[in-house]
>>> print(open('upload08.txt').read())   # compact mmCIF, C-alpha atoms
# COMPACT_ATOMS: atom_id res chain seq x y z
CA MET M 1 -9.15 19.17 -28.18
CA ARG M 2 -9.78 15.57 -27.18
CA GLN M 3 -7.34 14.37 -24.60
CA PRO M 4 -7.40 10.60 -24.66
CA VAL M 5 -4.25 10.09 -22.61
CA GLY M 6 -5.19 8.39 -19.40
CA ALA M 7 -8.90 8.27 -20.11
CA ARG M 8 -10.50 5.26 -18.51
CA ASP M 9 -11.51 2.60 -20.93
CA PHE M 10 -15.16 1.88 -20.31
CA SER M 11 -15.70 -1.46 -21.92
CA VAL M 12 -19.09 -2.78 -20.98
CA ILE M 13 -19.27 -6.51 -20.57
CA PRO M 14 -22.76 -7.93 -20.85
CA VAL M 15 -23.67 -9.98 -17.83
CA SER M 16 -25.80 -12.90 -18.81
CA GLY M 17 -26.63 -16.21 -17.33
CA ILE M 18 -25.14 -15.42 -13.94
CA LYS M 19 -27.90 -17.09 -12.05
CA GLY M 20 -27.41 -20.27 -14.00
CA LEU M 21 -23.90 -20.53 -12.67
CA MET M 22 -24.79 -20.50 -9.01
CA THR M 23 -24.11 -24.12 -8.36
CA SER M 24 -20.62 -24.18 -6.91
CA THR M 25 -20.09 -23.62 -3.22
CA LEU M 26 -17.48 -21.04 -2.34
CA SER M 27 -15.85 -21.37 1.05
CA ALA M 28 -14.50 -18.34 2.93
CA ARG M 29 -12.40 -16.41 0.47
CA ARG M 30 -11.48 -12.79 -0.09
CA PHE M 31 -11.85 -11.13 -3.48
CA ILE M 32 -10.76 -7.82 -4.97
CA PHE M 33 -12.58 -6.80 -8.13
CA HIS M 34 -11.31 -3.99 -10.37
CA THR M 35 -14.39 -2.16 -11.57
CA GLN M 36 -15.17 -0.60 -14.92
CA GLY M 37 -17.35 2.43 -15.52
CA VAL M 38 -18.13 3.37 -11.94
CA CYS M 39 -16.53 5.72 -9.41
CA PRO M 40 -14.88 3.28 -6.96
CA PRO M 41 -11.99 1.51 -8.69
CA GLU M 42 -12.17 -1.58 -6.50
CA ILE M 43 -14.76 -3.70 -4.72
CA HIS M 44 -13.57 -5.90 -1.87
CA PHE M 45 -15.71 -8.70 -0.51
CA ASN M 46 -15.60 -12.13 1.06
CA ILE M 47 -17.67 -15.16 0.15
CA ASP M 48 -18.17 -17.79 2.79
CA GLN M 49 -20.48 -20.76 2.22
CA ASP M 50 -22.21 -18.96 -0.65
CA ARG M 51 -22.87 -15.90 1.49
CA ILE M 52 -21.32 -12.52 0.94
CA HIS M 53 -19.53 -10.58 3.64
CA ALA M 54 -17.45 -7.45 4.19
CA ILE M 55 -18.41 -5.65 0.98
CA ARG M 56 -16.38 -2.48 0.52
CA PHE M 57 -16.48 -0.11 -2.44
CA MET M 58 -12.98 1.33 -2.36
CA GLY M 59 -11.39 4.54 -3.53
CA GLY M 60 -14.31 6.69 -4.65
CA GLY M 61 -18.01 7.03 -5.18
CA CYS M 62 -20.70 7.86 -2.65
CA PRO M 63 -19.34 6.55 0.63
CA GLY M 64 -22.64 6.68 2.50
CA ASN M 65 -24.59 4.86 -0.17
CA ALA M 66 -21.80 2.35 -0.66
CA GLU M 67 -21.66 1.60 3.05
CA LEU M 68 -25.43 1.17 3.15
CA VAL M 69 -25.30 -1.26 0.23
CA GLY M 70 -22.58 -3.20 2.05
CA GLN M 71 -24.63 -3.33 5.24
CA LEU M 72 -27.85 -4.34 3.50
CA LEU M 73 -26.16 -7.16 1.61
CA GLU M 74 -24.03 -8.40 4.50
CA GLY M 75 -24.47 -12.11 5.05
CA ARG M 76 -26.96 -12.58 2.22
CA HIS M 77 -26.83 -15.59 -0.08
CA ILE M 78 -25.15 -14.79 -3.40
CA ASP M 79 -28.30 -15.82 -5.31
CA GLU M 80 -30.21 -13.11 -3.52
CA VAL M 81 -27.39 -10.59 -3.97
CA LEU M 82 -27.30 -11.24 -7.70
CA THR M 83 -31.07 -10.83 -7.97
CA LEU M 84 -30.86 -7.48 -6.20
CA THR M 85 -27.83 -6.07 -7.97
CA GLU M 86 -27.53 -7.42 -11.50
CA GLY M 87 -28.32 -4.91 -14.24
CA LEU M 88 -28.84 -1.84 -12.06
CA ASP M 89 -27.80 1.26 -13.98
CA CYS M 90 -26.17 4.43 -12.73
CA ARG M 91 -23.73 5.46 -15.44
CA ASN M 92 -21.98 3.84 -18.40
CA ASN M 93 -24.64 1.10 -18.46
CA THR M 94 -23.59 -0.15 -15.07
CA SER M 95 -23.52 0.80 -11.39
CA CYS M 96 -21.69 -0.12 -8.19
CA PRO M 97 -24.23 -2.88 -7.37
CA ASP M 98 -24.08 -4.12 -10.97
CA GLN M 99 -20.29 -4.25 -10.75
CA LEU M 100 -20.66 -6.30 -7.59
CA ALA M 101 -22.85 -8.72 -9.55
CA ARG M 102 -20.15 -8.97 -12.21
CA ALA M 103 -17.54 -9.56 -9.53
CA ILE M 104 -19.55 -12.43 -8.06
CA ASP M 105 -20.08 -13.79 -11.55
CA GLU M 106 -16.33 -13.80 -12.18
CA ALA M 107 -15.67 -15.40 -8.81
CA LEU M 108 -18.14 -18.16 -9.62
CA ARG M 109 -16.60 -18.68 -13.04
CA GLY M 110 -13.12 -18.84 -11.53
CA LYS M 111 -12.04 -15.78 -13.51
CA LEU M 112 -11.68 -13.74 -10.34
CA LEU M 113 -9.38 -15.57 -7.98
CA PRO M 114 -9.40 -15.26 -4.21
CA VAL M 115 -6.53 -13.29 -2.75
CA ALA M 116 -4.75 -13.27 0.54
CA ARG M 117 -4.25 -10.18 2.63
CA ALA M 118 -0.81 -8.87 3.53
CA ARG M 119 -0.13 -9.86 7.13
CA VAL M 120 0.07 -7.06 9.67
CA HIS M 121 1.10 -7.53 13.28
CA SER M 122 0.31 -4.86 15.83
CA ASP M 123 2.16 -4.64 19.12
CA PRO M 124 -0.67 -4.70 21.68
CA GLU M 125 1.28 -2.67 24.25
CA THR M 126 1.91 1.07 24.18
CA ARG M 127 5.66 1.57 24.33
CA SER M 128 8.03 4.42 25.02
CA ARG M 129 11.32 2.94 23.77
CA MET M 130 11.60 0.81 20.65
CA GLY M 131 14.70 -0.72 19.08
CA ILE M 132 14.99 -1.30 15.34
CA ILE M 133 17.30 -3.88 13.79
CA GLY M 134 18.06 -3.73 10.07
CA ASP M 135 19.53 -6.29 7.70
CA LEU M 136 21.48 -8.88 9.73
CA ASN M 137 23.03 -10.84 6.87
CA GLY M 138 23.00 -14.05 8.90
CA ASP M 139 25.16 -12.69 11.72
CA ALA M 140 23.92 -14.26 14.97
CA ASP M 141 26.72 -12.73 17.08
CA THR M 142 25.74 -9.23 15.94
CA LEU M 143 22.13 -10.00 16.73
CA ARG M 144 23.03 -11.06 20.29
CA THR M 145 25.24 -7.99 20.79
CA ILE M 146 22.53 -5.64 19.58
CA ILE M 147 19.86 -7.22 21.75
CA SER M 148 22.12 -6.88 24.79
CA ASP M 149 22.89 -3.25 23.95
CA MET M 150 19.21 -2.52 23.43
CA ARG M 151 18.35 -3.97 26.85
CA ASP M 152 21.06 -1.73 28.37
CA HIS M 153 19.32 1.24 26.74
CA GLY M 154 15.99 0.28 28.29
CA VAL M 155 14.38 -0.75 25.04
CA GLU M 156 10.97 -2.32 25.69
CA SER M 157 10.17 -3.60 22.23
CA ILE M 158 12.54 -4.80 19.52
CA VAL M 159 11.56 -5.15 15.91
CA CYS M 160 13.66 -6.67 13.11
CA ALA M 161 12.93 -5.02 9.77
CA GLY M 162 13.28 -8.23 7.77
CA ASN M 163 16.07 -10.22 6.10
CA LEU M 164 17.72 -12.25 8.83
CA GLY M 165 19.91 -13.72 6.11
CA GLY M 166 22.36 -16.59 6.09
CA ASP M 167 21.89 -20.15 4.95
CA PRO M 168 18.94 -22.17 6.31
CA VAL M 169 20.97 -23.61 9.21
CA HIS M 170 22.24 -20.21 10.41
CA LEU M 171 18.86 -18.72 9.68
CA SER M 172 17.22 -21.32 11.90
CA ARG M 173 19.62 -20.43 14.73
CA MET M 174 18.86 -16.74 14.28
CA ILE M 175 15.15 -17.49 14.40
CA SER M 176 15.68 -19.32 17.70
CA ILE M 177 17.28 -16.17 19.14
CA VAL M 178 14.46 -13.99 17.82
CA ARG M 179 11.88 -16.27 19.37
CA ASP M 180 13.69 -16.71 22.68
CA GLU M 181 14.08 -12.95 23.04
CA ASN M 182 10.46 -12.22 22.02
CA LEU M 183 11.49 -9.92 19.19
CA HIS M 184 9.04 -8.76 16.58
CA LEU M 185 10.13 -9.85 13.13
CA ILE M 186 8.69 -8.96 9.76
CA PHE M 187 9.22 -11.02 6.65
CA GLY M 188 11.87 -9.47 4.40
CA GLU M 189 12.23 -9.86 0.67
CA GLN M 190 15.38 -11.99 0.95
CA ASP M 191 13.90 -14.26 3.61
CA ARG M 192 11.86 -16.19 1.07
CA PHE M 193 14.98 -16.83 -1.04
CA THR M 194 16.93 -17.88 2.04
CA LEU M 195 14.16 -20.28 2.96
CA GLY M 196 14.45 -21.86 -0.47
CA ARG M 197 18.20 -22.36 -0.33
CA PRO M 198 19.67 -25.80 0.44
CA SER M 199 21.69 -26.26 3.62
CA PRO M 200 25.47 -26.41 3.11
CA ALA M 201 26.85 -29.93 2.90
CA GLY M 202 28.04 -31.38 6.19
CA LEU M 203 25.88 -29.15 8.37
CA PRO M 204 22.90 -30.49 10.33
CA GLN M 205 19.43 -29.94 8.92
CA PRO M 206 17.75 -26.71 10.02
CA ASP M 207 14.86 -26.76 12.42
CA GLN M 208 11.90 -26.94 10.05
CA GLU M 209 9.53 -25.64 12.67
CA ASN M 210 11.62 -22.47 12.92
CA LEU M 211 11.61 -22.04 9.15
CA GLU M 212 7.86 -22.48 9.06
CA TRP M 213 7.54 -19.89 11.82
CA LEU M 214 9.52 -17.47 9.65
CA ARG M 215 7.24 -18.14 6.70
CA GLN M 216 4.30 -17.02 8.79
CA ARG M 217 5.84 -13.71 9.89
CA PRO M 218 3.87 -10.55 9.12
CA HIS M 219 4.74 -8.34 6.18
CA MET M 220 4.11 -5.21 8.22
CA PHE M 221 4.29 -4.16 11.83
CA THR M 222 2.54 -1.42 13.74
CA ALA M 223 3.00 -0.09 17.24
CA ASP M 224 1.93 2.75 19.46
CA LEU M 225 4.88 4.68 20.84
CA GLY M 226 3.59 7.16 23.38
CA GLY M 227 0.61 7.98 21.18
CA TYR M 228 2.59 8.05 17.93
CA GLN M 229 1.57 5.44 15.39
CA ILE M 230 4.59 3.52 14.12
CA PHE M 231 4.46 1.58 10.85
CA LEU M 232 7.27 -0.66 9.66
CA PHE M 233 7.60 -2.65 6.44
CA TYR M 234 10.53 -4.02 4.50
CA GLY M 235 10.09 -2.67 0.98
CA ASP M 236 8.30 -2.74 -2.33
CA TYR M 237 7.87 -6.51 -2.52
CA VAL M 238 4.81 -5.94 -0.33
CA GLN M 239 3.13 -4.18 -3.26
CA ASN M 240 3.46 -7.36 -5.29
CA ILE M 241 1.74 -9.60 -2.79
CA LEU M 242 -1.35 -10.97 -4.50
CA GLY M 243 -4.17 -9.17 -2.77
CA PHE M 244 -2.32 -5.95 -2.01
CA SER M 245 -4.73 -3.11 -2.60
CA ASP M 246 -3.94 0.59 -2.90
CA PHE M 247 -6.80 1.12 -0.49
CA ASP M 248 -5.70 -1.26 2.26
CA PRO M 249 -4.56 0.19 5.58
CA TYR M 250 -1.04 1.64 5.24
CA ALA M 251 -1.02 1.14 1.45
CA LEU M 252 -0.85 4.91 1.06
CA GLU M 253 2.31 5.09 3.16
CA ILE M 254 3.86 2.24 1.15
CA ASN M 255 2.90 3.74 -2.22
CA MET M 256 4.25 7.15 -1.30
CA VAL M 257 7.55 5.89 0.11
CA CYS M 258 8.25 3.15 -2.46
CA GLY M 259 6.66 4.68 -5.53
CA LEU M 260 6.42 8.44 -5.31
CA THR M 261 9.75 9.15 -3.61
CA ARG M 262 11.56 5.95 -4.63
CA PHE M 263 12.51 5.28 -1.02
CA MET M 264 13.03 8.99 -0.29
CA GLU M 265 15.74 9.32 -2.95
CA ASP M 266 13.76 11.80 -5.07
CA GLU M 267 13.62 14.88 -2.88
CA SER M 268 12.08 16.92 -5.71
CA VAL M 269 8.71 15.27 -5.03
CA PHE M 270 8.75 15.95 -1.30
CA PRO M 271 6.20 18.78 -1.80
CA ALA M 272 3.81 16.20 -3.25
CA LEU M 273 4.62 13.83 -0.40
CA ALA M 274 3.87 16.60 2.08
CA ALA M 275 0.50 17.11 0.39
CA MET M 276 -0.34 13.44 0.91
CA THR M 277 0.90 12.94 4.47
CA PRO M 278 -2.27 14.34 6.10
CA GLN M 279 -3.98 11.18 4.82
CA PHE M 280 -1.39 8.90 6.44
CA THR M 281 -2.45 6.69 9.33
CA ALA M 282 1.10 6.39 10.63
CA ASP M 283 3.19 9.14 12.20
CA VAL M 284 6.45 7.27 11.68
CA ILE M 285 7.16 5.07 8.66
CA ILE M 286 10.16 2.74 8.76
CA PHE M 287 11.46 0.68 5.85
CA GLY M 288 14.46 -1.64 5.41
CA GLN M 289 15.01 -2.07 1.69
CA LYS M 290 17.60 0.67 1.12
CA LYS M 291 19.99 -0.67 3.75
CA ILE M 292 21.17 2.73 4.90
CA TRP M 293 20.48 4.52 8.18
CA ARG M 294 18.70 7.77 7.53
CA ARG M 295 15.83 9.87 8.75
CA TRP M 296 13.57 12.41 7.01
CA GLN M 297 10.92 14.77 8.30
CA VAL M 298 8.31 15.57 5.66
CA GLY M 299 4.80 16.90 6.06
CA GLY M 300 4.86 16.37 9.80
CA LYS M 301 5.77 12.69 9.44
CA THR M 302 9.00 10.94 10.32
CA ILE M 303 10.35 8.51 7.75
CA ILE M 304 13.24 6.25 8.67
CA SER M 305 15.39 3.96 6.59
CA ALA M 306 16.69 1.10 8.74
CA GLY M 307 20.28 0.39 7.75
CA PRO M 308 22.39 -2.71 8.14
CA ALA M 309 22.98 -4.30 11.54
CA THR M 310 26.70 -3.79 11.08
CA SER M 311 28.03 -0.37 10.13
CA ILE M 312 31.73 0.51 9.90
CA GLY M 313 32.59 -2.67 11.75
CA HIS M 314 30.22 -2.01 14.64
CA PRO M 315 26.85 -3.55 15.46
CA CYS M 316 24.35 -0.81 14.71
CA TRP M 317 20.68 -0.28 15.52
CA GLY M 318 18.04 2.41 15.75
CA LEU M 319 16.46 3.78 18.91
CA LEU M 320 13.04 5.35 18.66
CA HIS M 321 11.88 6.80 21.94
CA HIS M 322 9.21 9.02 23.30
CA THR M 323 10.07 11.63 25.90
CA THR M 324 8.04 14.59 27.14
CA GLY M 325 5.63 14.46 24.25
CA GLU M 326 8.34 14.33 21.64
CA LEU M 327 9.44 11.47 19.46
CA LYS M 328 13.18 11.07 18.94
CA PHE M 329 15.27 8.79 16.79
CA ARG M 330 18.95 8.07 16.81
CA GLU M 331 21.27 5.51 15.32
CA ILE M 332 23.36 3.70 17.91
CA GLN M 333 26.61 1.80 17.45
CA ALA M 334 26.71 -0.92 20.08
CA GLY M 335 29.80 -0.69 22.25
CA ALA M 336 31.14 2.37 20.44
CA MET F 1 -8.66 20.01 -8.51
CA ALA F 2 -10.98 17.94 -10.67
CA GLU F 3 -13.88 19.95 -9.31
CA SER F 4 -12.54 23.09 -10.95
CA VAL F 5 -12.54 21.25 -14.27
CA LYS F 6 -15.97 19.73 -13.77
CA VAL F 7 -17.55 23.16 -13.31
CA LEU F 8 -16.21 24.51 -16.60
CA PRO F 9 -18.92 25.79 -18.96
CA GLU F 10 -20.60 23.18 -21.14
CA ASP F 11 -19.07 24.50 -24.38
CA ILE F 12 -15.60 24.03 -22.89
CA GLN F 13 -16.46 20.59 -21.48
CA GLN F 14 -17.30 19.51 -25.01
CA LEU F 15 -13.77 20.30 -26.14
CA ILE F 16 -12.03 18.09 -23.61
CA ASP F 17 -11.86 14.68 -22.02
CA VAL F 18 -10.95 14.83 -18.35
CA SER F 19 -8.91 12.17 -16.58
CA GLU F 20 -8.49 12.32 -12.85
CA TRP F 21 -5.65 10.36 -11.33
CA ASP F 22 -5.78 9.27 -7.74
CA MET F 23 -2.42 9.91 -6.11
CA ARG F 24 -3.13 7.26 -3.51
CA THR F 25 -2.82 4.57 -6.14
CA ARG F 26 0.11 3.10 -8.01
CA PRO F 27 -1.31 4.13 -11.42
CA GLY F 28 -1.73 7.67 -10.06
CA VAL F 29 1.86 7.78 -8.86
CA ALA F 30 3.07 6.37 -12.19
CA ARG F 31 1.17 9.07 -14.11
CA PHE F 32 2.54 11.76 -11.79
CA GLN F 33 6.07 10.57 -12.49
CA GLN F 34 5.39 10.28 -16.21
CA LEU F 35 4.40 13.95 -16.25
CA ASN F 36 7.50 14.79 -14.23
CA ALA F 37 5.28 16.58 -11.72
CA LYS F 38 6.65 17.58 -8.34
CA SER F 39 3.75 18.84 -6.29
CA LEU F 40 0.00 18.73 -5.94
CA PRO F 41 -2.44 19.58 -7.32
CA SER F 42 -1.18 19.29 -10.89
CA VAL F 43 -3.00 19.84 -14.17
CA ALA F 44 -1.75 18.56 -17.50
CA LEU F 45 -3.19 19.49 -20.86
CA ASP F 46 -2.46 17.23 -23.80
CA GLY F 47 -0.01 15.32 -21.63
CA GLU F 48 1.92 18.46 -20.79
CA LEU F 49 2.16 19.68 -17.23
CA VAL F 50 0.70 23.19 -17.19
CA TYR F 51 -0.29 23.98 -13.61
CA GLU F 52 1.48 22.80 -10.47
CA SER F 53 0.61 23.57 -6.88
CA ILE F 54 -2.19 25.88 -7.95
CA ILE F 55 -5.77 25.69 -8.99
CA PRO F 56 -5.88 28.15 -11.88
CA PRO F 57 -8.66 30.71 -12.07
CA GLN F 58 -11.43 29.45 -14.31
CA GLU F 59 -10.87 32.21 -16.88
CA GLU F 60 -7.19 31.29 -17.15
CA LEU F 61 -7.93 27.59 -17.58
CA ILE F 62 -10.59 28.31 -20.21
CA ALA F 63 -8.22 30.59 -22.10
CA GLU F 64 -5.49 27.96 -22.10
CA ILE F 65 -7.89 25.25 -23.32
CA GLN F 66 -9.21 27.53 -26.06
CA ARG F 67 -5.71 28.51 -27.12
CA ARG F 68 -4.66 24.88 -27.44
CA TYR F 69 -7.87 23.99 -29.23
CA ALA F 70 -7.31 26.82 -31.72
CA ASP F 71 -3.69 25.76 -32.24
CA LYS F 72 -4.72 22.19 -32.95
CA ASN F 73 -7.40 23.20 -35.40
CA ARG F 74 -4.95 25.47 -37.16
CA GLU F 75 -2.52 22.56 -37.47
CA THR F 76 -5.15 20.33 -39.01
>>> encode(input="upload08.txt", output="structure tokens")
Amino acid sequence: MRQPVGARDFSVIPVSGIKGLMTSTLSARRFIFHTQGVCPPEIHFNIDQDRIHAIRFMGGGCPGNAELVGQLLEGRHIDEVLTLTEGLDCRNNTSCPDQLARAIDEALRGKLLPVARARVHSDPETRSRMGIIGDLNGDADTLRTIISDMRDHGVESIVCAGNLGGDPVHLSRMISIVRDENLHLIFGEQDRFTLGRPSPAGLPQPDQENLEWLRQRPHMFTADLGGYQIFLFYGDYVQNILGFSDFDPYALEINMVCGLTRFMEDESVFPALAAMTPQFTADVIIFGQKKIWRRWQVGGKTIISAGPATSIGHPCWGLLHHTTGELKFREIQAGA
Amino acid sequence: MAESVKVLPEDIQQLIDVSEWDMRTRPGVARFQQLNAKSLPSVALDGELVYESIIPPQEELIAEIQRRYADKNRET
């Protein structure tokens, strides 16, 4: 009974002439190589001035040996790394070091392109009261009202879960408020489309410096709330960022929320989610894509969907606070 | 879960190909959904979900593999 479904395809690519290619100089760049025939599915590494750094064999294999290989090769010239690693055999006519050689080969040939890393911002302060703002749809008045209401509730840290919205001119004004009020803002899926939209005729040009500031916002946000690790992201567009790896920090949380549960809509897989949550880094996971206010408790983790900033005609936001060792969440309608 | 398959007797190992899917990854999640699985660990045989939330006793797993193998050979 052969069961070919899902079997890994071990195609062995002969590595030849690598050393003859070592003429180009690679400046600091990050690479993710998808392996074939070995236990770890990915190798991550950086090349800076023809020297290799930060080698990580991700997702499987012998972690101790892999870490040792990474440490021994750290900072070495790629010529030397290739000499040490090329052709080593472990299984399937290859090995982890041999796969690293192939990865470097592909990087030198330009077949493996450097990738960015999803941007993560961490609040350096430990907080006890955090305010969450969802989709604002370009409404600056609502933003001001919510910020004021949050201050009245003693909120110490405010985070916008992406998608400020509006046209570029209104967006620029909203960004000014966010910056003046020292809010944390993550980049939402719609923000990039808003940035690309032309300003309406007759309106002044938006502040380009503000728009550039928005472009540089992190894709994810983390914070410590009374010892609880908070993780906030917008939605599944993060998985499509070139360079997103299933083994990056918080990728597990993203994959489980976006993929496994389809943003918590498929409750039938919550048992599987509960089996995975012990591997989570975060205690609380917040996302904005579904645009509804809701909270779930699964496998000892709190998962929150940040809804719109206006709900039933009222400005609306989420309060996450830590009291007497317990983490609490509630949705608040400003002025209601 | 994969460990329980890896320790199957050699004669049984020769009847099967084993694929392990990592639930941390997007391909693992996609396979899980394709099988319409709900919990972990899950074991599928011939693309059919057979065990969920349990690691079957070795004798039971062997019997199921042998039964399917016999059925297939009968068909051919």
>>> atom_distance(input="upload08.txt", atom1="CA of Asp135 (chain M)", atom2="CA of Glu267 (chain M)")
24.4 Å
>>> residues_around(input="upload08.txt", residues="Ile78 (chain M)", least_positions_apart="5", cutoff="7 Å", atoms="only C-alpha atoms", output="mmCIF file with C-alpha atoms, in the frame of the given file")
data_model
loop_
_atom_site.group_PDB
_atom_site.id
_atom_site.type_symbol
_atom_site.label_atom_id
_atom_site.label_comp_id
_atom_site.auth_asym_id
_atom_site.auth_seq_id
_atom_site.Cartn_x
_atom_site.Cartn_y
_atom_site.Cartn_z
ATOM 1 C CA ASP M 50 -22.210 -18.960 -0.650
ATOM 2 C CA ARG M 51 -22.870 -15.900 1.490
ATOM 3 C CA ILE M 52 -21.320 -12.520 0.940
#
>>> closest_residue(input="upload08.txt", among="M:Pro168, M:Gly243, M:Gly259, M:Pro41", to="chain F", atoms="all atoms listed in the file")
M:Gly259
>>> residues_near_point(input="upload08.txt", point="(4.5, 21.2, -9.1)", cutoff="9 Å", atoms="all atoms listed in the file", output="list in words")
Val269, Pro271 and Ala272 of chain M; Asn36, Ala37, Lys38, Ser39, Leu40, Pro41, Ser42, Leu49, Tyr51, Glu52, Ser53 and Ile54 of chain F
>>> write_last_selection(input="upload08.txt", atoms="C-alpha atoms", output="PDB file, in the coordinates of the input")
ATOM      1  CA  VAL M 269       8.710  15.270  -5.030  1.00  0.00           C
ATOM      2  CA  PRO M 271       6.200  18.780  -1.800  1.00  0.00           C
ATOM      3  CA  ALA M 272       3.810  16.200  -3.250  1.00  0.00           C
TER       4      ALA M 272
ATOM      5  CA  ASN F  36       7.500  14.790 -14.230  1.00  0.00           C
ATOM      6  CA  ALA F  37       5.280  16.580 -11.720  1.00  0.00           C
ATOM      7  CA  LYS F  38       6.650  17.580  -8.340  1.00  0.00           C
ATOM      8  CA  SER F  39       3.750  18.840  -6.290  1.00  0.00           C
ATOM      9  CA  LEU F  40       0.000  18.730  -5.940  1.00  0.00           C
ATOM     10  CA  PRO F  41      -2.440  19.580  -7.320  1.00  0.00           C
ATOM     11  CA  SER F  42      -1.180  19.290 -10.890  1.00  0.00           C
ATOM     12  CA  LEU F  49       2.160  19.680 -17.230  1.00  0.00           C
ATOM     13  CA  TYR F  51      -0.290  23.980 -13.610  1.00  0.00           C
ATOM     14  CA  GLU F  52       1.480  22.800 -10.470  1.00  0.00           C
ATOM     15  CA  SER F  53       0.610  23.570  -6.880  1.00  0.00           C
ATOM     16  CA  ILE F  54      -2.190  25.880  -7.950  1.00  0.00           C
TER      17      ILE F  54
END
>>> atom_distance(input="upload08.txt", atom1="CA of Leu82 (chain M)", atom2="CA of Asp98 (chain M)")
8.5 Å
>>> interface_residues(input="upload08.txt", of="chain F", to="chain M", cutoff="12 Å", atoms="all atoms listed in the file", output="PyMOL selection string")
chain F and resi 11-42+44-48+52-53+64-76
>>> atom_distance(input="upload08.txt", atom1="CA of Val120 (chain M)", atom2="CA of Leu232 (chain M)")
9.6 Å
>>> axis_aligned_box(input="upload08.txt", around="region 61-74 of chain M", padding_each_side="5 Å", output="JSON")
{"center_x": -22.9, "center_y": -0.3, "center_z": 0.0, "size_x": 19.8, "size_y": 26.3, "size_z": 20.4}
>>> residues_around(input="upload08.txt", residues="Leu211 (chain M)", least_positions_apart="2", cutoff="10 Å", atoms="all atoms listed in the file", output="mmCIF file with C-alpha atoms, in the coordinates of the input")
data_model
loop_
_atom_site.group_PDB
_atom_site.id
_atom_site.type_symbol
_atom_site.label_atom_id
_atom_site.label_comp_id
_atom_site.auth_asym_id
_atom_site.auth_seq_id
_atom_site.Cartn_x
_atom_site.Cartn_y
_atom_site.Cartn_z
ATOM 1 C CA PRO M 168 18.940 -22.170 6.310
ATOM 2 C CA VAL M 169 20.970 -23.610 9.210
ATOM 3 C CA LEU M 171 18.860 -18.720 9.680
ATOM 4 C CA SER M 172 17.220 -21.320 11.900
ATOM 5 C CA ARG M 173 19.620 -20.430 14.730
ATOM 6 C CA ILE M 175 15.150 -17.490 14.400
ATOM 7 C CA SER M 176 15.680 -19.320 17.700
ATOM 8 C CA ASP M 191 13.900 -14.260 3.610
ATOM 9 C CA ARG M 192 11.860 -16.190 1.070
ATOM 10 C CA THR M 194 16.930 -17.880 2.040
ATOM 11 C CA LEU M 195 14.160 -20.280 2.960
ATOM 12 C CA PRO M 206 17.750 -26.710 10.020
ATOM 13 C CA ASP M 207 14.860 -26.760 12.420
ATOM 14 C CA GLN M 208 11.900 -26.940 10.050
ATOM 15 C CA GLU M 209 9.530 -25.640 12.670
ATOM 16 C CA TRP M 213 7.540 -19.890 11.820
ATOM 17 C CA LEU M 214 9.520 -17.470 9.650
ATOM 18 C CA ARG M 215 7.240 -18.140 6.700
ATOM 19 C CA GLN M 216 4.300 -17.020 8.790
#
>>> residues_around(input="upload08.txt", residues="Gly188 (chain M)", least_positions_apart="3", cutoff="8 Å", atoms="all atoms listed in the file", output="list in words")
Ala161, Gly162, Asn163, Leu164, Asp191, Arg192, His219, Tyr234 and Gly235 of chain M
>>> residues_around(input="upload08.txt", residues="Cys316 (chain M)", least_positions_apart="4", cutoff="7 Å", atoms="all atoms listed in the file", output="compact mmCIF listing (two decimals) with C-alpha atoms, in the frame of the given file")
# COMPACT_ATOMS: atom_id res chain seq x y z
CA ALA M 309 22.98 -4.30 11.54
CA THR M 310 26.70 -3.79 11.08
CA SER M 311 28.03 -0.37 10.13
CA ILE M 332 23.36 3.70 17.91
CA GLN M 333 26.61 1.80 17.45
CA ALA M 334 26.71 -0.92 20.08
>>> build_atoms(input="upload08.txt", residues="region 16-23 of chain F", atoms="N, CA and C atoms", output="PDB file, in the frame of the given file")
ATOM      1  N   ILE F  16     -13.068  18.840 -24.338  1.00  0.00           N
ATOM      2  CA  ILE F  16     -12.030  18.090 -23.610  1.00  0.00           C
ATOM      3  C   ILE F  16     -12.553  16.761 -23.080  1.00  0.00           C
ATOM      4  N   ASP F  17     -11.618  15.864 -22.850  1.00  0.00           N
ATOM      5  CA  ASP F  17     -11.860  14.680 -22.020  1.00  0.00           C
ATOM      6  C   ASP F  17     -11.047  14.898 -20.754  1.00  0.00           C
ATOM      7  N   VAL F  18     -11.642  14.602 -19.626  1.00  0.00           N
ATOM      8  CA  VAL F  18     -10.950  14.830 -18.350  1.00  0.00           C
ATOM      9  C   VAL F  18     -10.590  13.490 -17.720  1.00  0.00           C
ATOM     10  N   SER F  19      -9.348  13.353 -17.324  1.00  0.00           N
ATOM     11  CA  SER F  19      -8.910  12.170 -16.580  1.00  0.00           C
ATOM     12  C   SER F  19      -8.403  12.610 -15.221  1.00  0.00           C
ATOM     13  N   GLU F  20      -8.949  11.999 -14.210  1.00  0.00           N
ATOM     14  CA  GLU F  20      -8.490  12.320 -12.850  1.00  0.00           C
ATOM     15  C   GLU F  20      -7.691  11.127 -12.335  1.00  0.00           C
ATOM     16  N   TRP F  21      -6.518  11.431 -11.841  1.00  0.00           N
ATOM     17  CA  TRP F  21      -5.650  10.360 -11.330  1.00  0.00           C
ATOM     18  C   TRP F  21      -5.577  10.460  -9.823  1.00  0.00           C
ATOM     19  N   ASP F  22      -5.765   9.318  -9.201  1.00  0.00           N
ATOM     20  CA  ASP F  22      -5.780   9.270  -7.740  1.00  0.00           C
ATOM     21  C   ASP F  22      -4.366   9.031  -7.238  1.00  0.00           C
ATOM     22  N   MET F  23      -3.814  10.013  -6.562  1.00  0.00           N
ATOM     23  CA  MET F  23      -2.420   9.910  -6.110  1.00  0.00           C
ATOM     24  C   MET F  23      -2.214   8.849  -5.041  1.00  0.00           C
TER      25      MET F  23
END
